[in-house]
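Engineer: Below is one structure. I have some questions about it.
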Amino acid sequence: MKTWIAFWNIINKDIKNYYLKPPNISWGIIFPLSWTLMQIIKSPDTDIIKLLPGLISMSVLFGTTSMLAVTITFERSGKSFDRLLLAPISLGVLVLSKITGTILFGIFNAFVPVIFASFFINLGLINWGALFFAVIMIAITSSLMGLLVAVSVEQVFEAQTLSNFFRFPMLFLCGLFIPISNLPKFIRPISYFLPLTYGTDILNGAITKMNIISPTLSFIMLFVFTILLFVVCNYQIKKNWIL
Amino acid sequence: MVAIEVKNLKKNYGDFTAVNDISFKINKGEIFGFLGPNGAGKTSTINMMIGLSKPTSGEIFIDSIDVNKKLKHAQSIMGIVPDESNLYNEMNGFDNLCFCGALYGMSKKDRETRANHLLEVFKLKEARSKLFKSYSKGMKRKLTIAAALMHSPSILFLDEPTTGIDVESSRQIRDMIISLKDKGTTIFLTTHYIEEAERLCDCVAFISNGKIVALGTVDELMEDVFNDNSIIFETDKNIKTYLNIIQNEFNTNKIKIINENSFVMISNQPILLIEVIKFLNDKKINVLEAKKIRPSLEDVFVKLTNDRQGDMK
């Protein structure tokens, strides 16, 4: 059995069928774009380069979590997801193909604000290698968090609502718009339990050279989060999908 | 040769036992009917067999492959048609079939050739480029069956294949089931339509309250449950006035009036038709038709479930 054929065709189907679904457009593309515009209009003097790490992180986070809510929850509610569970491919390959489509969507989303910014500022000083790696890691961890939500609910709107319970607090706790050092002391430890904190910090370093954590530590932390989330997702999937 | 073997299968959901220690075997190339009312345990059983749920206990072998241990291997030889037509609304008929083929590792060329062939077999060629969501119920059902056949499975699970669709599509699906059997495919069929099972199945199992209450060929089940011989006689006279005379003559048999001109004779021995006809002729009654009454599977099912409820009381 050529597993890669199934793997690639699931990604291809998700890209063709779901990238332009309304929840993805509204939460994955329009929301980060309008946030960017809002920031620029609100503070015309704001240095756009300082906004960029936050906007990239937000675009990836909202893009991946919205996409997974659609590709998994939507298919599960319509029972077409059973078709994938009944195919002779392992659960691991199935999950990997589902999150690969999502990660690609997240990466694509990450470059929307970058392209936007390129019209206004010089991006020549950016460390593109670190930026790209950070985007991938944020996309992977966000996808796994989205997967956890998708596994736990039945309908797309439930997935979007539940996702917002962690997406919005995470945005304000990970140092994107408020530096962690400015947060109340008792809240700061929570920030260090969020994968987005480390991804954003690498982006800060790559774009503005203003990271507060060592990039090596951030990469290690993102790997640890990836493994932890993968283990939890795997457990939840086996528990919820194969009754 | 056994294609499917289920041994002491059990499924509990908390305190509720949906499937209670059932066992059966299905031979290769057979159509096996799995019948029962809603909530009897049909879907729970089929879900365990195809790998959508895990048994609480028991074993399932598909072509000698242990489903509990090598599920993905077993799934590669199964075709599954669920009770809902669950293909992708956003894709057209042809792409849906190709995608299903891809899930089984078929190459692009193979799946396109096979999809075109199946669209022709199922008379859906003109709808190949239409989105699945625009298909009628019957067309959706046929495409769902075609999708299950993409990888030419040797074992096909059909869950309520003709429920809620038009007569013509139902007929086409039944014909297709027979032609698949002729080609050697083993078919596990669940249906609400007893006449459908009676017409198609080599072997039938009735499930009620999670237990198999009867298992065998259609003829065996009927013989087991109905030992009596019943013949309906249609005559040219008002039979009600002759009831006592007939009953006196054939006093070991039971006579039941059906309408003015017809009656049923029931006996636990074979009824000698010539004797009855001769007797009636002597009374100037002409027999226009004499027909053996064959119980339907529905009668069998009602009798079995009633007996069972009686036993339980």
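Identifiers in the structure tokens: chain A, B, ... in order shown; residue index from 1 per chain; ligand index from 1 in order shown.
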May I have a table of the residues of region 160-187 of chain A lying at most 12 Å from region 68-90 of chain A, giving each one's closest pair of atoms and their distance in Å to one decimal, counting only C-alpha atoms, ordered by chain and ascending residue number, as JSON lines?
Structural biologist:
{"residue": "A:Gln160", "atom": "CA", "partner": "A:Ala69", "partner_atom": "CA", "distance": 6.8}
{"residue": "A:Thr161", "atom": "CA", "partner": "A:Ala69", "partner_atom": "CA", "distance": 10.2}
{"residue": "A:Leu162", "atom": "CA", "partner": "A:Ala69", "partner_atom": "CA", "distance": 10.0}
{"residue": "A:Ser163", "atom": "CA", "partner": "A:Ala69", "partner_atom": "CA", "distance": 8.6}
{"residue": "A:Asn164", "atom": "CA", "partner": "A:Ala69", "partner_atom": "CA", "distance": 11.6}
Engineer: Would you export the selected residues with N, CA, C and O atoms as an mmCIF file, in the first residue's frame, please?
Structural biologist:
data_model
loop_
_atom_site.group_PDB
_atom_site.id
_atom_site.type_symbol
_atom_site.label_atom_id
_atom_site.label_comp_id
_atom_site.auth_asym_id
_atom_site.auth_seq_id
_atom_site.Cartn_x
_atom_site.Cartn_y
_atom_site.Cartn_z
ATOM 1 N N GLN A 160 -14.624 27.081 16.768
ATOM 2 C CA GLN A 160 -14.176 28.487 16.723
ATOM 3 C C GLN A 160 -14.324 29.136 18.096
ATOM 4 O O GLN A 160 -13.430 29.854 18.554
ATOM 5 N N THR A 161 -15.458 28.867 18.761
ATOM 6 C CA THR A 161 -15.689 29.476 20.073
ATOM 7 C C THR A 161 -14.665 28.969 21.086
ATOM 8 O O THR A 161 -14.054 29.755 21.813
ATOM 9 N N LEU A 162 -14.474 27.657 21.097
ATOM 10 C CA LEU A 162 -13.522 27.077 22.055
ATOM 11 C C LEU A 162 -12.093 27.562 21.767
ATOM 12 O O LEU A 162 -11.327 27.844 22.694
ATOM 13 N N SER A 163 -11.765 27.686 20.477
ATOM 14 C CA SER A 163 -10.423 28.162 20.104
ATOM 15 C C SER A 163 -10.176 29.564 20.662
ATOM 16 O O SER A 163 -9.080 29.877 21.124
ATOM 17 N N ASN A 164 -11.234 30.410 20.610
ATOM 18 C CA ASN A 164 -11.057 31.786 21.096
ATOM 19 C C ASN A 164 -10.762 31.840 22.588
ATOM 20 O O ASN A 164 -10.172 32.799 23.072
#
Engineer: Might you pull out every residue within 10 Å of Met91 (chain B), with only C-alpha atoms counted and same-chain residues fewer than 4 positions away left off, and present them as a ChimeraX atom specification?
Structural biologist: /A:13,16-17 /B:87,95-97,99,129-133
Engineer: For the residues selected in the previous step, produce a file with N, CA, C and O atoms as a PDB file, in the first residue's frame.
Structural biologist:
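Wrote part.pdb, looks like this:
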ATOM      1  N   LYS A  13      -6.736  17.580  -1.202  1.00  0.00           N
ATOM      2  CA  LYS A  13      -8.188  17.782  -1.072  1.00  0.00           C
ATOM      3  C   LYS A  13      -8.491  18.910  -0.094  1.00  0.00           C
ATOM      4  O   LYS A  13      -9.321  19.775  -0.369  1.00  0.00           O
ATOM      5  N   LYS A  16      -7.721  22.279  -1.697  1.00  0.00           N
ATOM      6  CA  LYS A  16      -8.711  22.656  -2.723  1.00  0.00           C
ATOM      7  C   LYS A  16     -10.081  22.966  -2.114  1.00  0.00           C
ATOM      8  O   LYS A  16     -10.762  23.886  -2.532  1.00  0.00           O
ATOM      9  N   ASN A  17     -10.476  22.142  -1.130  1.00  0.00           N
ATOM     10  CA  ASN A  17     -11.848  22.267  -0.616  1.00  0.00           C
ATOM     11  C   ASN A  17     -12.024  23.306   0.476  1.00  0.00           C
ATOM     12  O   ASN A  17     -13.098  23.883   0.598  1.00  0.00           O
TER      13      ASN A  17
ATOM     14  N   LEU B  87     -19.914  11.206   0.994  1.00  0.00           N
ATOM     15  CA  LEU B  87     -18.807  11.694   0.157  1.00  0.00           C
ATOM     16  C   LEU B  87     -18.686  13.210   0.334  1.00  0.00           C
ATOM     17  O   LEU B  87     -19.415  13.807   1.121  1.00  0.00           O
ATOM     18  N   ASP B  95     -14.066  13.252  -9.102  1.00  0.00           N
ATOM     19  CA  ASP B  95     -13.005  13.535  -8.121  1.00  0.00           C
ATOM     20  C   ASP B  95     -13.234  12.775  -6.815  1.00  0.00           C
ATOM     21  O   ASP B  95     -12.276  12.332  -6.176  1.00  0.00           O
ATOM     22  N   ASN B  96     -14.507  12.642  -6.418  1.00  0.00           N
ATOM     23  CA  ASN B  96     -14.808  11.875  -5.209  1.00  0.00           C
ATOM     24  C   ASN B  96     -14.324  10.434  -5.353  1.00  0.00           C
ATOM     25  O   ASN B  96     -13.680   9.896  -4.445  1.00  0.00           O
ATOM     26  N   LEU B  97     -14.605   9.834  -6.506  1.00  0.00           N
ATOM     27  CA  LEU B  97     -14.179   8.438  -6.721  1.00  0.00           C
ATOM     28  C   LEU B  97     -12.653   8.351  -6.731  1.00  0.00           C
ATOM     29  O   LEU B  97     -12.065   7.451  -6.110  1.00  0.00           O
ATOM     30  N   PHE B  99     -10.527  10.318  -5.312  1.00  0.00           N
ATOM     31  CA  PHE B  99      -9.990  10.523  -3.968  1.00  0.00           C
ATOM     32  C   PHE B  99     -10.100   9.239  -3.130  1.00  0.00           C
ATOM     33  O   PHE B  99      -9.152   8.851  -2.438  1.00  0.00           O
ATOM     34  N   SER B 129     -19.079  15.399 -13.681  1.00  0.00           N
ATOM     35  CA  SER B 129     -18.489  16.696 -13.333  1.00  0.00           C
ATOM     36  C   SER B 129     -19.377  17.533 -12.426  1.00  0.00           C
ATOM     37  O   SER B 129     -19.036  18.675 -12.102  1.00  0.00           O
ATOM     38  N   LYS B 130     -20.517  16.977 -12.035  1.00  0.00           N
ATOM     39  CA  LYS B 130     -21.402  17.739 -11.128  1.00  0.00           C
ATOM     40  C   LYS B 130     -20.958  17.550  -9.688  1.00  0.00           C
ATOM     41  O   LYS B 130     -20.495  16.469  -9.315  1.00  0.00           O
ATOM     42  N   LEU B 131     -21.141  18.612  -8.887  1.00  0.00           N
ATOM     43  CA  LEU B 131     -20.770  18.504  -7.472  1.00  0.00           C
ATOM     44  C   LEU B 131     -21.660  17.479  -6.773  1.00  0.00           C
ATOM     45  O   LEU B 131     -22.857  17.371  -7.086  1.00  0.00           O
ATOM     46  N   PHE B 132     -21.079  16.764  -5.835  1.00  0.00           N
ATOM     47  CA  PHE B 132     -21.818  15.714  -5.122  1.00  0.00           C
ATOM     48  C   PHE B 132     -23.073  16.283  -4.461  1.00  0.00           C
ATOM     49  O   PHE B 132     -24.106  15.629  -4.417  1.00  0.00           O
ATOM     50  N   LYS B 133     -22.970  17.531  -3.972  1.00  0.00           N
ATOM     51  CA  LYS B 133     -24.124  18.102  -3.257  1.00  0.00           C
ATOM     52  C   LYS B 133     -25.328  18.310  -4.185  1.00  0.00           C
ATOM     53  O   LYS B 133     -26.451  18.427  -3.716  1.00  0.00           O
TER      54      LYS B 133
END
Engineer: Output the contact residues of chain B with respect to chain A at a cut-off of 7 Å, based on only C-alpha atoms, as JSON, numbers by chain.
Structural biologist: {"B": [51, 52, 53, 54, 72, 73, 75, 76, 86, 87, 88, 90, 99, 102, 103, 104, 105]}
Engineer: Emit the selected residues as an mmCIF file, in the first residue's frame, including C-alpha atoms.
Structural biologist:
data_model
loop_
_atom_site.group_PDB
_atom_site.id
_atom_site.type_symbol
_atom_site.label_atom_id
_atom_site.label_comp_id
_atom_site.auth_asym_id
_atom_site.auth_seq_id
_atom_site.Cartn_x
_atom_site.Cartn_y
_atom_site.Cartn_z
ATOM 1 C CA GLY B 51 -12.893 -0.737 12.776
ATOM 2 C CA LEU B 52 -14.905 2.332 13.723
ATOM 3 C CA SER B 53 -15.286 1.072 17.272
ATOM 4 C CA LYS B 54 -13.459 -1.343 19.510
ATOM 5 C CA LYS B 72 -5.445 -1.559 8.610
ATOM 6 C CA HIS B 73 -4.571 -4.749 6.738
ATOM 7 C CA GLN B 75 -9.498 -2.531 5.973
ATOM 8 C CA SER B 76 -7.468 -2.736 2.758
ATOM 9 C CA ASN B 86 -20.864 10.607 3.139
ATOM 10 C CA LEU B 87 -18.807 11.694 0.157
ATOM 11 C CA TYR B 88 -17.466 15.224 -0.208
ATOM 12 C CA GLU B 90 -17.419 20.212 -2.510
ATOM 13 C CA PHE B 99 -9.990 10.523 -3.968
ATOM 14 C CA ALA B 102 -6.163 7.365 -3.588
ATOM 15 C CA LEU B 103 -6.957 6.501 0.047
ATOM 16 C CA TYR B 104 -6.239 2.881 -0.901
ATOM 17 C CA GLY B 105 -2.952 3.777 -2.587
#
Engineer: Of the residues A:Leu148, A:Ile213, A:Ile15, A:Leu96, which is the one nearest to Ile180 (chain A), using only C-alpha atoms?
Structural biologist: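 Once distances to Ile180 (chain A) are computed over only C-alpha atoms, the minimum belongs to A:Ile213.
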Engineer: Just the strand (DSSP E) stuff from region 109-284 of chain B, please, per backbone DSSP, written as an NGL selection string.
Structural biologist: :B and (155-159 or 186-191 or 203-208 or 211-216 or 229-235 or 254-259 or 262-267)
Engineer: Kindly export the residues of the current selection with N, CA and C atoms, as a compact mmCIF listing (two decimals), in the first residue's frame.
Structural biologist:
# COMPACT_ATOMS: atom_id res chain seq x y z
N ILE B 155 -14.46 -8.03 0.07
CA ILE B 155 -15.56 -8.07 1.04
C ILE B 155 -16.22 -6.69 1.07
N LEU B 156 -17.53 -6.67 0.92
CA LEU B 156 -18.24 -5.40 0.87
C LEU B 156 -19.27 -5.31 2.00
N PHE B 157 -19.20 -4.23 2.76
CA PHE B 157 -20.19 -3.98 3.81
C PHE B 157 -21.19 -2.95 3.29
N LEU B 158 -22.44 -3.33 3.25
CA LEU B 158 -23.48 -2.42 2.76
C LEU B 158 -24.47 -2.16 3.88
N ASP B 159 -24.49 -0.94 4.37
CA ASP B 159 -25.39 -0.59 5.46
C ASP B 159 -26.60 0.14 4.89
N THR B 186 -17.84 -11.14 -1.33
CA THR B 186 -18.63 -11.48 -0.15
C THR B 186 -19.33 -10.19 0.31
N ILE B 187 -20.62 -10.28 0.59
CA ILE B 187 -21.36 -9.05 0.93
C ILE B 187 -22.05 -9.21 2.28
N PHE B 188 -21.77 -8.23 3.14
CA PHE B 188 -22.44 -8.16 4.45
C PHE B 188 -23.46 -7.03 4.32
N LEU B 189 -24.73 -7.41 4.38
CA LEU B 189 -25.80 -6.45 4.08
C LEU B 189 -26.68 -6.22 5.30
N THR B 190 -26.80 -4.98 5.72
CA THR B 190 -27.81 -4.72 6.75
C THR B 190 -28.96 -3.99 6.06
N THR B 191 -30.14 -4.36 6.41
CA THR B 191 -31.30 -3.74 5.77
C THR B 191 -32.52 -3.78 6.68
N CYS B 203 -27.78 -16.21 3.36
CA CYS B 203 -27.85 -16.51 4.78
C CYS B 203 -28.28 -15.25 5.52
N VAL B 204 -29.04 -15.44 6.59
CA VAL B 204 -29.58 -14.29 7.30
C VAL B 204 -29.40 -14.47 8.80
N ALA B 205 -29.08 -13.36 9.48
CA ALA B 205 -29.07 -13.39 10.95
C ALA B 205 -30.02 -12.31 11.43
N PHE B 206 -30.85 -12.66 12.40
CA PHE B 206 -31.73 -11.67 13.02
C PHE B 206 -31.12 -11.27 14.35
N ILE B 207 -31.00 -9.97 14.55
CA ILE B 207 -30.47 -9.50 15.83
C ILE B 207 -31.58 -8.73 16.55
N SER B 208 -31.69 -9.00 17.83
CA SER B 208 -32.70 -8.30 18.64
C SER B 208 -32.11 -8.12 20.03
N LYS B 211 -28.64 -9.53 20.68
CA LYS B 211 -28.38 -10.98 20.57
C LYS B 211 -28.88 -11.50 19.23
N ILE B 212 -28.17 -12.45 18.67
CA ILE B 212 -28.67 -13.07 17.45
C ILE B 212 -29.74 -14.08 17.84
N VAL B 213 -30.96 -13.85 17.31
CA VAL B 213 -32.08 -14.72 17.71
C VAL B 213 -32.30 -15.82 16.69
N ALA B 214 -31.77 -15.66 15.49
CA ALA B 214 -31.88 -16.72 14.48
C ALA B 214 -30.80 -16.54 13.45
N LEU B 215 -30.30 -17.65 12.94
CA LEU B 215 -29.21 -17.61 11.97
C LEU B 215 -29.34 -18.81 11.05
N GLY B 216 -29.31 -18.57 9.76
CA GLY B 216 -29.39 -19.68 8.82
C GLY B 216 -29.77 -19.20 7.44
N ASN B 229 -47.98 -26.73 7.43
CA ASN B 229 -48.23 -26.55 6.00
C ASN B 229 -49.54 -25.79 5.87
N SER B 230 -49.52 -24.77 5.07
CA SER B 230 -50.74 -23.98 4.87
C SER B 230 -51.01 -23.85 3.39
N ILE B 231 -52.29 -24.13 3.03
CA ILE B 231 -52.67 -23.96 1.61
C ILE B 231 -53.92 -23.10 1.56
N ILE B 232 -53.89 -22.14 0.69
CA ILE B 232 -55.05 -21.27 0.53
C ILE B 232 -55.83 -21.76 -0.69
N PHE B 233 -57.13 -21.95 -0.51
CA PHE B 233 -58.00 -22.41 -1.61
C PHE B 233 -58.94 -21.28 -2.00
N GLU B 234 -58.99 -21.01 -3.30
CA GLU B 234 -59.94 -20.02 -3.79
C GLU B 234 -61.00 -20.77 -4.58
N THR B 235 -62.28 -20.55 -4.25
CA THR B 235 -63.36 -21.33 -4.86
C THR B 235 -64.38 -20.43 -5.56
N LYS B 254 -56.71 -27.50 10.51
CA LYS B 254 -57.38 -26.28 10.97
C LYS B 254 -57.85 -25.52 9.74
N ILE B 255 -59.10 -25.06 9.78
CA ILE B 255 -59.63 -24.31 8.63
C ILE B 255 -59.89 -22.86 9.05
N LYS B 256 -59.43 -21.94 8.21
CA LYS B 256 -59.65 -20.52 8.53
C LYS B 256 -60.23 -19.84 7.29
N ILE B 257 -61.35 -19.12 7.49
CA ILE B 257 -61.96 -18.41 6.37
C ILE B 257 -61.17 -17.12 6.11
N ILE B 258 -60.85 -16.89 4.85
CA ILE B 258 -60.13 -15.66 4.49
C ILE B 258 -61.12 -14.61 4.01
N ASN B 259 -61.97 -14.99 3.05
CA ASN B 259 -63.07 -14.13 2.61
C ASN B 259 -64.20 -15.04 2.10
N SER B 262 -62.68 -17.80 -0.16
CA SER B 262 -61.37 -18.42 0.12
C SER B 262 -61.25 -18.89 1.56
N PHE B 263 -60.49 -19.97 1.72
CA PHE B 263 -60.16 -20.43 3.07
C PHE B 263 -58.73 -21.00 3.08
N VAL B 264 -58.21 -21.09 4.29
CA VAL B 264 -56.86 -21.64 4.45
C VAL B 264 -56.96 -22.94 5.23
N MET B 265 -56.23 -23.95 4.77
CA MET B 265 -56.16 -25.21 5.50
C MET B 265 -54.75 -25.32 6.08
N ILE B 266 -54.69 -25.52 7.40
CA ILE B 266 -53.38 -25.60 8.06
C ILE B 266 -53.23 -26.99 8.69
N SER B 267 -52.09 -27.61 8.43
CA SER B 267 -51.88 -28.96 8.97
C SER B 267 -50.40 -29.13 9.33
Engineer: Quick one: residues within 10 Å of Tyr198 (chain A), only C-alpha atoms counted, chain neighbours fewer than 5 positions away excluded, as a compact mmCIF listing (two decimals) with all heavy atoms, in the first residue's frame?
Structural biologist:
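Result file selection06.txt:
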# COMPACT_ATOMS: atom_id res chain seq x y z
N ALA A 134 10.87 29.86 12.88
CA ALA A 134 9.91 30.22 13.93
C ALA A 134 8.48 30.08 13.43
O ALA A 134 7.60 29.56 14.13
CB ALA A 134 10.16 31.66 14.40
N MET A 137 7.53 26.44 13.41
CA MET A 137 7.31 25.91 14.76
C MET A 137 6.01 26.45 15.37
O MET A 137 5.28 25.72 16.05
CB MET A 137 8.50 26.23 15.68
CG MET A 137 9.77 25.47 15.33
SD MET A 137 9.55 23.68 15.17
CE MET A 137 9.25 23.21 16.86
N ILE A 138 5.73 27.74 15.13
CA ILE A 138 4.45 28.30 15.63
C ILE A 138 3.30 27.59 14.93
O ILE A 138 2.29 27.24 15.55
CB ILE A 138 4.37 29.83 15.40
CG1 ILE A 138 5.46 30.56 16.20
CG2 ILE A 138 3.00 30.37 15.82
CD1 ILE A 138 5.60 32.04 15.86
N CYS A 174 1.56 36.42 25.67
CA CYS A 174 2.82 35.89 25.13
C CYS A 174 3.83 36.99 24.78
O CYS A 174 4.87 36.69 24.18
CB CYS A 174 2.55 35.03 23.91
SG CYS A 174 2.09 36.00 22.49
N GLY A 175 3.53 38.19 25.15
CA GLY A 175 4.48 39.28 24.90
C GLY A 175 4.36 39.90 23.52
O GLY A 175 5.22 40.67 23.11
N SER A 191 2.81 33.00 31.08
CA SER A 191 3.38 33.33 29.75
C SER A 191 4.41 32.30 29.32
O SER A 191 4.51 31.97 28.14
CB SER A 191 4.05 34.69 29.78
OG SER A 191 3.11 35.66 30.12
N TYR A 192 5.18 31.82 30.30
CA TYR A 192 6.25 30.87 29.95
C TYR A 192 5.73 29.45 29.72
O TYR A 192 6.49 28.56 29.37
CB TYR A 192 7.36 30.91 31.01
CG TYR A 192 8.07 32.25 30.99
CD1 TYR A 192 7.81 33.23 31.95
CD2 TYR A 192 8.96 32.56 29.95
CE1 TYR A 192 8.43 34.47 31.90
CE2 TYR A 192 9.58 33.80 29.89
CZ TYR A 192 9.31 34.75 30.87
OH TYR A 192 9.92 35.98 30.79
N PHE A 193 4.42 29.25 29.95
CA PHE A 193 3.81 27.95 29.62
C PHE A 193 3.10 27.98 28.27
O PHE A 193 2.38 27.04 27.91
CB PHE A 193 2.82 27.52 30.72
CG PHE A 193 3.51 26.94 31.92
CD1 PHE A 193 3.66 27.68 33.09
CD2 PHE A 193 4.03 25.65 31.88
CE1 PHE A 193 4.32 27.14 34.19
CE2 PHE A 193 4.68 25.11 32.97
CZ PHE A 193 4.84 25.86 34.13
N LEU A 203 10.80 35.38 16.65
CA LEU A 203 10.46 36.34 15.60
C LEU A 203 10.97 37.74 15.96
O LEU A 203 11.48 38.47 15.10
CB LEU A 203 8.94 36.37 15.39
CG LEU A 203 8.31 35.20 14.65
CD1 LEU A 203 6.80 35.33 14.60
CD2 LEU A 203 8.86 35.09 13.23
N ASN A 204 10.81 38.10 17.25
CA ASN A 204 11.33 39.40 17.69
C ASN A 204 12.83 39.51 17.41
O ASN A 204 13.32 40.53 16.94
CB ASN A 204 11.08 39.59 19.20
CG ASN A 204 9.71 40.18 19.46
OD1 ASN A 204 9.20 40.96 18.67
ND2 ASN A 204 9.11 39.79 20.57
N ASN A 211 14.91 40.10 21.16
CA ASN A 211 14.43 38.92 21.89
C ASN A 211 14.90 38.97 23.34
O ASN A 211 15.95 39.56 23.64
CB ASN A 211 14.91 37.64 21.21
CG ASN A 211 16.38 37.62 20.95
OD1 ASN A 211 16.91 38.57 20.37
ND2 ASN A 211 17.05 36.56 21.38
N ILE A 212 14.08 38.35 24.24
CA ILE A 212 14.46 38.35 25.65
C ILE A 212 14.92 36.96 26.12
O ILE A 212 15.46 36.80 27.19
CB ILE A 212 13.31 38.86 26.55
CG1 ILE A 212 12.03 38.06 26.29
CG2 ILE A 212 13.07 40.35 26.36
CD1 ILE A 212 10.99 38.22 27.37
N ILE A 213 14.63 35.95 25.31
CA ILE A 213 15.03 34.57 25.66
C ILE A 213 16.06 34.12 24.63
O ILE A 213 15.99 34.54 23.46
CB ILE A 213 13.80 33.62 25.62
CG1 ILE A 213 12.65 34.17 26.50
CG2 ILE A 213 14.16 32.20 26.08
CD1 ILE A 213 11.31 33.53 26.25
N SER A 214 16.98 33.26 25.07
CA SER A 214 17.97 32.75 24.11
C SER A 214 17.25 31.98 23.00
O SER A 214 16.37 31.15 23.28
CB SER A 214 18.94 31.82 24.86
OG SER A 214 19.24 30.70 24.09
N PRO A 215 17.58 32.22 21.72
CA PRO A 215 16.91 31.52 20.62
C PRO A 215 17.01 30.00 20.76
O PRO A 215 16.06 29.28 20.47
CB PRO A 215 17.65 32.00 19.37
CG PRO A 215 18.29 33.28 19.76
CD PRO A 215 18.58 33.19 21.22
N LEU A 217 17.14 28.23 23.54
CA LEU A 217 16.17 27.79 24.54
C LEU A 217 14.74 27.82 23.96
O LEU A 217 13.95 26.90 24.18
CB LEU A 217 16.26 28.69 25.79
CG LEU A 217 15.28 28.36 26.91
CD1 LEU A 217 15.57 26.98 27.49
CD2 LEU A 217 15.31 29.41 28.01
N SER A 218 14.47 28.88 23.19
CA SER A 218 13.13 28.98 22.58
C SER A 218 12.87 27.82 21.65
O SER A 218 11.78 27.24 21.66
CB SER A 218 13.01 30.30 21.81
OG SER A 218 13.03 31.38 22.69
N PHE A 219 13.86 27.46 20.82
CA PHE A 219 13.67 26.33 19.90
C PHE A 219 13.45 25.04 20.69
O PHE A 219 12.56 24.25 20.35
CB PHE A 219 14.88 26.18 18.97
CG PHE A 219 14.89 27.21 17.86
CD1 PHE A 219 16.02 27.97 17.60
CD2 PHE A 219 13.77 27.39 17.06
CE1 PHE A 219 16.02 28.92 16.58
CE2 PHE A 219 13.77 28.34 16.04
CZ PHE A 219 14.90 29.11 15.80
N ILE A 220 14.26 24.85 21.76
CA ILE A 220 14.10 23.63 22.57
C ILE A 220 12.68 23.59 23.17
O ILE A 220 12.00 22.57 23.13
CB ILE A 220 15.18 23.56 23.69
CG1 ILE A 220 16.55 23.33 23.06
CG2 ILE A 220 14.87 22.46 24.70
CD1 ILE A 220 17.72 23.51 24.00
N MET A 221 12.25 24.73 23.71
CA MET A 221 10.92 24.79 24.33
C MET A 221 9.82 24.48 23.31
O MET A 221 8.86 23.76 23.60
CB MET A 221 10.67 26.18 24.95
CG MET A 221 11.46 26.44 26.21
SD MET A 221 11.26 25.18 27.47
CE MET A 221 9.57 25.44 27.99
N LEU A 222 9.99 24.99 22.08
CA LEU A 222 8.99 24.72 21.05
C LEU A 222 8.95 23.23 20.68
O LEU A 222 7.88 22.67 20.44
CB LEU A 222 9.25 25.58 19.80
CG LEU A 222 8.83 27.04 19.96
CD1 LEU A 222 9.33 27.89 18.78
CD2 LEU A 222 7.32 27.19 20.07
Engineer: Identify, on the basis of only C-alpha atoms, every residue whose closest approach to Ala127 (chain B) does not exceed 10 Å; exclude the query and any residue fewer than 6 positions from it along the same chain; express the result as a PyMOL selection string.
Structural biologist: chain B and resi 92-94+119+134-135+139
Engineer: Could you give me the residues within region 14-243 of chain A that DSSP places in alpha helix (DSSP H), as a PyMOL selection string?
Structural biologist: chain A and resi 14-18+22-23+31-42+48-68+75-77+80-85+91-118+128-152+156-173+188-191+195-208+215-241
Engineer: Excluding Ile140 (chain A) and any residue of its chain fewer than 5 positions from it, enumerate the residues within 8 Å of it, using only C-alpha atoms, and give them as a PDB file with N, CA and C atoms, in the first residue's frame.
Structural biologist:
ATOM      1  N   ILE A  99      -2.713  17.840   9.562  1.00  0.00           N
ATOM      2  CA  ILE A  99      -2.046  19.031  10.097  1.00  0.00           C
ATOM      3  C   ILE A  99      -1.031  19.609   9.104  1.00  0.00           C
ATOM      4  N   ILE A 103      -0.599  23.417   8.475  1.00  0.00           N
ATOM      5  CA  ILE A 103       0.688  24.103   8.666  1.00  0.00           C
ATOM      6  C   ILE A 103       1.010  24.936   7.409  1.00  0.00           C
ATOM      7  N   THR A 226       5.844  20.741  21.159  1.00  0.00           N
ATOM      8  CA  THR A 226       5.365  19.942  20.020  1.00  0.00           C
ATOM      9  C   THR A 226       5.171  18.489  20.450  1.00  0.00           C
TER      10      THR A 226
END
Engineer: If we count only C-alpha atoms and set the cut-off at 10 Å, which residues sit around Cys233 (chain A), ignoring sequence neighbours fewer than 4 positions away in its own chain? Please answer as a count of residues only.
Structural biologist: 15
Engineer: Of the residues B:Lys42, B:Gly29, B:Leu221, B:Asp21, which is the one nearest to Val300 (chain B), using only C-alpha atoms?
Structural biologist: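 The shortest atom-to-atom distance to Val300 (chain B) comes from B:Leu221.
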Engineer: Quick one: residues within 9 Å of Ser66 (chain A), only C-alpha atoms, excluding same-chain residues fewer than 6 positions away - as a PyMOL selection string?
Structural biologist: chain A and resi 23-25+27-28+102+146+159-160+163
